[in-house]
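Data from target31.txt: compact mmCIF, C-alpha atoms
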# COMPACT_ATOMS: atom_id res chain seq x y z
CA GLN A 1 -33.70 -3.12 -90.13
CA GLN A 2 -37.14 -1.84 -89.17
CA GLN A 3 -38.84 -3.32 -92.21
CA VAL A 4 -41.24 -6.23 -92.34
CA LYS A 5 -41.29 -7.86 -95.76
CA GLN A 6 -44.49 -9.63 -96.75
CA SER A 7 -45.12 -11.99 -99.64
CA PRO A 8 -46.86 -12.68 -101.91
CA GLN A 9 -48.50 -9.42 -102.88
CA SER A 10 -51.58 -11.27 -104.09
CA LEU A 11 -52.84 -14.83 -103.81
CA ILE A 12 -55.62 -16.81 -105.44
CA VAL A 13 -56.74 -20.00 -103.71
CA GLN A 14 -59.51 -22.49 -104.46
CA LYS A 15 -62.27 -22.90 -101.91
CA GLY A 16 -61.20 -25.49 -99.37
CA GLY A 17 -57.51 -24.98 -100.06
CA ILE A 18 -54.75 -23.68 -97.80
CA SER A 19 -53.69 -20.03 -98.03
CA ILE A 20 -50.14 -19.25 -96.92
CA ILE A 21 -48.74 -15.75 -96.45
CA ASN A 22 -45.17 -15.15 -95.36
CA CYS A 23 -43.37 -12.36 -93.54
CA ALA A 24 -39.71 -11.76 -92.76
CA TYR A 25 -38.03 -9.31 -90.43
CA GLU A 26 -34.50 -8.22 -89.51
CA ASN A 27 -34.81 -6.63 -86.08
CA THR A 28 -34.18 -9.34 -83.47
CA ALA A 29 -35.69 -7.08 -80.80
CA PHE A 30 -39.18 -7.61 -82.24
CA ASP A 31 -41.25 -9.54 -79.71
CA TYR A 32 -44.84 -9.31 -80.91
CA PHE A 33 -46.12 -10.49 -84.31
CA PRO A 34 -49.80 -9.94 -85.15
CA TRP A 35 -51.79 -10.55 -88.30
CA TYR A 36 -54.61 -8.26 -89.37
CA GLN A 37 -57.47 -8.86 -91.80
CA GLN A 38 -58.97 -5.96 -93.74
CA PHE A 39 -62.05 -5.88 -95.94
CA PRO A 40 -62.45 -3.10 -98.54
CA GLY A 41 -63.40 0.23 -97.01
CA LYS A 42 -63.02 -1.06 -93.45
CA GLY A 43 -60.38 -0.79 -90.76
CA PRO A 44 -58.03 -3.75 -90.18
CA ALA A 45 -59.15 -6.27 -87.57
CA LEU A 46 -56.72 -8.15 -85.34
CA LEU A 47 -56.86 -11.79 -86.41
CA ILE A 48 -54.21 -13.64 -84.43
CA ALA A 49 -50.87 -12.82 -82.83
CA ILE A 50 -47.80 -14.67 -81.56
CA ARG A 51 -44.80 -13.98 -79.34
CA PRO A 52 -41.33 -15.54 -79.90
CA ASP A 53 -41.59 -17.99 -77.00
CA VAL A 54 -43.82 -20.31 -79.07
CA SER A 55 -43.38 -21.69 -82.58
CA GLU A 56 -47.03 -22.03 -83.50
CA LYS A 57 -50.41 -20.65 -82.50
CA LYS A 58 -53.75 -21.85 -83.80
CA GLU A 59 -57.16 -20.20 -83.62
CA GLY A 60 -59.83 -22.01 -85.57
CA ARG A 61 -58.77 -22.19 -89.22
CA PHE A 62 -55.98 -19.65 -88.72
CA THR A 63 -52.46 -20.67 -87.67
CA ILE A 64 -49.30 -18.61 -87.20
CA SER A 65 -46.02 -20.46 -87.64
CA PHE A 66 -42.97 -18.71 -86.21
CA ASN A 67 -39.32 -19.46 -87.00
CA LYS A 68 -37.13 -17.38 -84.71
CA SER A 69 -33.79 -18.49 -86.18
CA ALA A 70 -34.91 -17.65 -89.72
CA LYS A 71 -36.66 -14.46 -88.57
CA GLN A 72 -39.78 -15.46 -90.43
CA PHE A 73 -43.42 -16.00 -89.58
CA SER A 74 -46.36 -17.06 -91.66
CA LEU A 75 -50.14 -17.19 -91.63
CA HIS A 76 -51.88 -20.37 -92.73
CA ILE A 77 -55.60 -20.33 -93.49
CA MET A 78 -56.96 -23.85 -93.62
CA ASP A 79 -60.11 -24.74 -95.59
CA SER A 80 -60.13 -21.28 -97.18
CA GLN A 81 -63.57 -19.84 -97.84
CA PRO A 82 -64.81 -17.05 -100.15
CA GLY A 83 -65.53 -15.02 -97.02
CA ASP A 84 -61.79 -15.06 -96.27
CA SER A 85 -61.18 -12.93 -99.37
CA ALA A 86 -59.55 -9.82 -97.94
CA THR A 87 -56.21 -8.09 -97.52
CA TYR A 88 -53.96 -9.50 -94.81
CA PHE A 89 -51.20 -7.57 -93.07
CA CYS A 90 -48.43 -8.90 -90.89
CA ALA A 91 -46.77 -6.62 -88.36
CA ALA A 92 -44.09 -6.59 -85.70
CA SER A 93 -43.14 -4.50 -82.70
CA SER A 94 -40.64 -4.39 -79.87
CA LYS A 95 -41.72 -3.55 -76.35
CA GLN A 96 -38.08 -3.29 -75.28
CA ALA A 97 -37.27 -0.75 -77.96
CA GLY A 98 -40.62 0.96 -77.58
CA THR A 99 -41.48 0.72 -81.27
CA ALA A 100 -45.02 0.98 -82.53
CA LEU A 101 -46.26 -1.73 -84.89
CA ILE A 102 -44.45 -1.89 -88.22
CA PHE A 103 -46.61 -3.33 -90.97
CA GLY A 104 -45.90 -5.34 -94.06
CA LYS A 105 -47.36 -4.06 -97.32
CA GLY A 106 -50.22 -6.53 -97.37
CA THR A 107 -51.41 -9.56 -99.31
CA THR A 108 -54.67 -9.54 -101.21
CA LEU A 109 -56.28 -12.97 -100.94
CA SER A 110 -59.01 -14.11 -103.31
CA VAL A 111 -60.72 -17.41 -102.60
CA SER A 112 -62.57 -18.70 -105.62
CA SER A 113 -65.67 -20.81 -105.29
CA ASP B 114 -71.19 0.09 -77.30
CA GLY B 115 -67.40 0.04 -76.97
CA GLY B 116 -64.92 0.76 -79.68
CA ILE B 117 -63.13 3.32 -81.78
CA THR B 118 -65.06 5.84 -83.81
CA GLN B 119 -63.77 7.95 -86.65
CA SER B 120 -65.72 10.69 -88.28
CA PRO B 121 -66.62 11.47 -90.92
CA LYS B 122 -66.36 8.34 -93.07
CA TYR B 123 -65.80 10.42 -96.22
CA LEU B 124 -64.31 13.91 -96.33
CA PHE B 125 -63.77 16.20 -99.28
CA ARG B 126 -61.61 19.33 -99.19
CA LYS B 127 -60.13 21.81 -101.57
CA GLU B 128 -56.37 22.03 -101.91
CA GLY B 129 -54.85 24.55 -99.50
CA GLN B 130 -57.34 23.95 -96.70
CA ASN B 131 -56.50 22.38 -93.37
CA VAL B 132 -58.80 19.56 -92.28
CA THR B 133 -59.18 17.77 -88.94
CA LEU B 134 -60.07 14.09 -88.66
CA SER B 135 -61.73 12.91 -85.48
CA CYS B 136 -60.85 9.77 -83.50
CA GLU B 137 -62.53 8.80 -80.24
CA GLN B 138 -62.21 5.62 -78.17
CA ASN B 139 -64.09 4.41 -75.11
CA LEU B 140 -61.87 1.38 -74.46
CA ASN B 141 -59.84 3.16 -71.77
CA HIS B 142 -56.71 2.60 -73.86
CA ASP B 143 -53.57 4.57 -73.06
CA ALA B 144 -52.03 4.53 -76.53
CA MET B 145 -53.49 5.93 -79.73
CA TYR B 146 -52.16 5.98 -83.28
CA TRP B 147 -52.75 7.47 -86.70
CA TYR B 148 -51.90 5.63 -89.90
CA ARG B 149 -52.18 6.48 -93.53
CA GLN B 150 -53.04 3.78 -96.07
CA ASP B 151 -52.39 4.08 -99.78
CA PRO B 152 -52.87 1.29 -102.35
CA GLY B 153 -49.91 -1.08 -102.29
CA GLN B 154 -48.19 0.82 -99.47
CA GLY B 155 -49.54 -0.90 -96.42
CA LEU B 156 -50.07 1.14 -93.28
CA ARG B 157 -47.64 3.93 -92.53
CA LEU B 158 -47.45 5.50 -89.08
CA ILE B 159 -48.09 9.25 -88.91
CA TYR B 160 -48.16 10.00 -85.17
CA TYR B 161 -48.71 8.10 -81.97
CA SER B 162 -49.40 8.95 -78.36
CA GLN B 163 -48.71 6.77 -75.35
CA ILE B 164 -50.17 9.14 -72.78
CA VAL B 165 -52.23 12.30 -72.53
CA ASN B 166 -50.39 15.51 -73.52
CA ASP B 167 -47.57 13.56 -75.15
CA PHE B 168 -47.11 12.29 -78.71
CA GLN B 169 -44.32 11.20 -81.06
CA LYS B 170 -43.78 11.49 -84.78
CA GLY B 171 -44.05 8.39 -86.87
CA ASP B 172 -42.46 7.71 -90.25
CA ILE B 173 -44.48 10.24 -92.27
CA ALA B 174 -45.35 13.09 -89.87
CA GLU B 175 -44.54 15.95 -92.24
CA GLY B 176 -47.65 17.98 -93.08
CA TYR B 177 -49.66 16.56 -90.18
CA SER B 178 -50.30 17.64 -86.59
CA VAL B 179 -52.03 16.02 -83.61
CA SER B 180 -53.11 16.78 -80.06
CA ARG B 181 -53.90 14.53 -77.11
CA GLU B 182 -55.72 16.63 -74.52
CA LYS B 183 -57.99 13.79 -73.40
CA LYS B 184 -57.36 10.07 -73.08
CA GLU B 185 -60.35 9.29 -75.30
CA SER B 186 -59.52 11.63 -78.17
CA PHE B 187 -56.65 11.93 -80.68
CA PRO B 188 -57.57 14.28 -83.55
CA LEU B 189 -55.38 14.52 -86.64
CA THR B 190 -55.03 17.72 -88.65
CA VAL B 191 -53.96 17.41 -92.27
CA THR B 192 -52.38 20.74 -93.12
CA SER B 193 -51.95 22.45 -96.44
CA ALA B 194 -48.25 21.54 -96.21
CA GLN B 195 -49.04 17.87 -96.83
CA LYS B 196 -48.14 17.37 -100.50
CA ASN B 197 -50.41 14.44 -101.26
CA PRO B 198 -53.16 14.28 -98.63
CA THR B 199 -55.68 12.12 -100.49
CA ALA B 200 -55.66 8.76 -98.67
CA PHE B 201 -57.48 6.45 -96.28
CA TYR B 202 -56.71 7.45 -92.68
CA LEU B 203 -56.91 4.94 -89.88
CA CYS B 204 -56.91 5.57 -86.15
CA ALA B 205 -56.01 2.83 -83.68
CA SER B 206 -55.72 2.44 -79.94
CA GLY B 207 -54.03 -0.04 -77.64
CA PRO B 208 -54.18 -1.02 -73.97
CA THR B 209 -50.47 -0.68 -73.21
CA GLY B 210 -48.06 2.15 -73.52
CA GLY B 211 -46.98 2.16 -77.11
CA THR B 212 -46.64 -1.42 -78.28
CA ASP B 213 -48.48 -4.70 -78.56
CA GLU B 214 -52.15 -4.94 -79.38
CA GLN B 215 -53.75 -2.28 -81.52
CA TYR B 216 -57.40 -2.03 -82.49
CA PHE B 217 -58.46 0.01 -85.48
CA GLY B 218 -61.35 2.32 -86.18
CA PRO B 219 -63.37 2.19 -89.43
CA GLY B 220 -61.26 4.85 -91.16
CA THR B 221 -61.83 8.17 -92.91
CA ARG B 222 -61.34 8.50 -96.64
CA LEU B 223 -60.04 11.99 -97.39
CA THR B 224 -60.14 13.35 -100.90
CA VAL B 225 -58.43 16.66 -101.66
CA THR B 226 -58.96 18.28 -105.06

Spit out the file's structure as structure tokens when you get a sec.
Amino acid sequence: QQQVKQSPQSLIVQKGGISIINCAYENTAFDYFPWYQQFPGKGPALLIAIRPDVSEKKEGRFTISFNKSAKQFSLHIMDSQPGDSATYFCAASSKQAGTALIFGKGTTLSVSS
Amino acid sequence: DGGITQSPKYLFRKEGQNVTLSCEQNLNHDAMYWYRQDPGQGLRLIYYSQIVNDFQKGDIAEGYSVSREKKESFPLTVTSAQKNPTAFYLCASGPTGGTDEQYFGPGTRLTVT
């Protein structure tokens, strides 16, 4: 019940296309859902995050869509660029339960020019 | 210059030796974390600390030890009891006590032969 399942494992998108990465969770106590971006050899960087009181959050070309009833959330990267090529991790935590962030296994995105 | 520093970036040790990885933050964050990253495994929580002089085991604490004597510092010792210590180790910190936002350091790549 503590798992966060992320798909796909890898993704290839044409420049200018939309990249979509999905995550699913079981624990209904989760109340914070961030996405991290990681370049090779670097630490993950917080990209965007959402809480369950909203269904969508947009920051620039990055959008999180959140479906509370389905216990799913996704990251959409609009107008994908070669510089977006990286590994993306979703995560979830519960302040009520006092859990630290639980991460998905990551999606490696390659944007071809 | 604020942030999280990890040193060294690369570390090489012989099997059977203990090794300590450094993590320092000047963000005045209460919570600090250690994760291990292996290819295809995502980020797995080793230990975390919500306050000075207190820490909790994560999912894969066996073979590791930590201390939290100062708010700014959370060193991780990889002991000889850790069966497969070669990995990329990431330290993170967060402003609240144990959940929500986490910010990562640049990581230390440990190779044990």

request  = Can you work out which one of B:His142, B:Lys196, B:Arg222, B:Lys183 has the shortest atom-to-atom distance to chain A, counting all atoms listed in the file?
outcome  =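 Counting all atoms listed in the file, the residue closest to chain A is B:Arg222.
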
task = Compute the set of chain A residues within 9 Å of chain B, using only C-alpha atoms, and express it as a PyMOL selection string.
result = chain A and resi 9+31-34+41-46+49+89+92-95+98-106

Neighbouring residues of Ile21 in chain A were defined as those with any atom within 12 Å, considering only C-alpha atoms; residues of the same chain fewer than 6 positions away were excluded. Please report them as a PDB file with C-alpha atoms, in the frame of the given file.
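The result, written out as out.pdb:
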ATOM      1  CA  LYS A   5     -41.290  -7.860 -95.760  1.00  0.00           C
ATOM      2  CA  GLN A   6     -44.490  -9.630 -96.750  1.00  0.00           C
ATOM      3  CA  SER A   7     -45.120 -11.990 -99.640  1.00  0.00           C
ATOM      4  CA  PRO A   8     -46.860 -12.680-101.910  1.00  0.00           C
ATOM      5  CA  GLN A   9     -48.500  -9.420-102.880  1.00  0.00           C
ATOM      6  CA  SER A  10     -51.580 -11.270-104.090  1.00  0.00           C
ATOM      7  CA  LEU A  11     -52.840 -14.830-103.810  1.00  0.00           C
ATOM      8  CA  ILE A  12     -55.620 -16.810-105.440  1.00  0.00           C
ATOM      9  CA  VAL A  13     -56.740 -20.000-103.710  1.00  0.00           C
ATOM     10  CA  TRP A  35     -51.790 -10.550 -88.300  1.00  0.00           C
ATOM     11  CA  TYR A  36     -54.610  -8.260 -89.370  1.00  0.00           C
ATOM     12  CA  PHE A  62     -55.980 -19.650 -88.720  1.00  0.00           C
ATOM     13  CA  THR A  63     -52.460 -20.670 -87.670  1.00  0.00           C
ATOM     14  CA  ILE A  64     -49.300 -18.610 -87.200  1.00  0.00           C
ATOM     15  CA  SER A  65     -46.020 -20.460 -87.640  1.00  0.00           C
ATOM     16  CA  GLN A  72     -39.780 -15.460 -90.430  1.00  0.00           C
ATOM     17  CA  PHE A  73     -43.420 -16.000 -89.580  1.00  0.00           C
ATOM     18  CA  SER A  74     -46.360 -17.060 -91.660  1.00  0.00           C
ATOM     19  CA  LEU A  75     -50.140 -17.190 -91.630  1.00  0.00           C
ATOM     20  CA  HIS A  76     -51.880 -20.370 -92.730  1.00  0.00           C
ATOM     21  CA  ILE A  77     -55.600 -20.330 -93.490  1.00  0.00           C
ATOM     22  CA  MET A  78     -56.960 -23.850 -93.620  1.00  0.00           C
ATOM     23  CA  THR A  87     -56.210  -8.090 -97.520  1.00  0.00           C
ATOM     24  CA  TYR A  88     -53.960  -9.500 -94.810  1.00  0.00           C
ATOM     25  CA  PHE A  89     -51.200  -7.570 -93.070  1.00  0.00           C
ATOM     26  CA  CYS A  90     -48.430  -8.900 -90.890  1.00  0.00           C
ATOM     27  CA  GLY A 104     -45.900  -5.340 -94.060  1.00  0.00           C
ATOM     28  CA  LYS A 105     -47.360  -4.060 -97.320  1.00  0.00           C
ATOM     29  CA  GLY A 106     -50.220  -6.530 -97.370  1.00  0.00           C
ATOM     30  CA  THR A 107     -51.410  -9.560 -99.310  1.00  0.00           C
ATOM     31  CA  THR A 108     -54.670  -9.540-101.210  1.00  0.00           C
ATOM     32  CA  LEU A 109     -56.280 -12.970-100.940  1.00  0.00           C
TER      33      LEU A 109
END

ask   = When you draw a straight line from CA of Ile117 in chain B to CA of Gly129 in chain B, how long is it in Å?
value =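 So the answer is 28.9 Å.
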
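If only C-alpha atoms are the atoms counted, then among B:Ile173, B:Val225, B:Ala194, B:Val165 the closest residue to Glu128 in chain B is B:Val225.
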
ask   = Between CA of Tyr123 in chain B and CA of Pro188 in chain B, what is the distance, to one decimal in Å?
value =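 Result for CA of Tyr123 in chain B versus CA of Pro188 in chain B: 15.6 Å, one decimal.
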
request  = Extract, using all atoms listed in the file, all DNA, RNA and protein residues at most 9 Å from Asn131 in chain B, discarding same-chain residues fewer than 6 positions from it, and format them as a ChimeraX atom specification.
outcome  = /B:190-194

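When CA of Gln81 in chain A is paired with CA of Arg51 in chain A, their separation reads 27.0 Å.
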
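Among the candidates A:Ala91, A:Ser112, A:Gly17, A:Ser80, the residue lying nearest to Ile48 in chain A is A:Ala91 (atoms considered: all atoms listed in the file).
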
ask   = Using all atoms listed in the file, which of B:Gly116, B:Pro208, B:Gly176, B:Pro121 sits nearest Gln195 in chain B?
value = B:Gly176

task = Go through B:Thr199, B:Gly207, B:Ile164, B:Trp147 one by one, measure the shortest atom-to-atom distance of each to Val179 in chain B using all atoms listed in the file, and give the residue with the smallest value.
result = B:Trp147

ask   = With only C-alpha atoms as the atoms that count, which of A:Ala24, A:Glu56, A:Ala97, A:Phe39 lies nearest to Ser85 in chain A?
value = A:Phe39

request  = For Leu223 in chain B, list every protein, DNA or RNA residue within 6 Å, evaluated using all atoms listed in the file, and leave out those in the same chain fewer than 6 positions away; present the list as a VMD selection string.
outcome  = chain B and resid 124 to 125 199 to 200
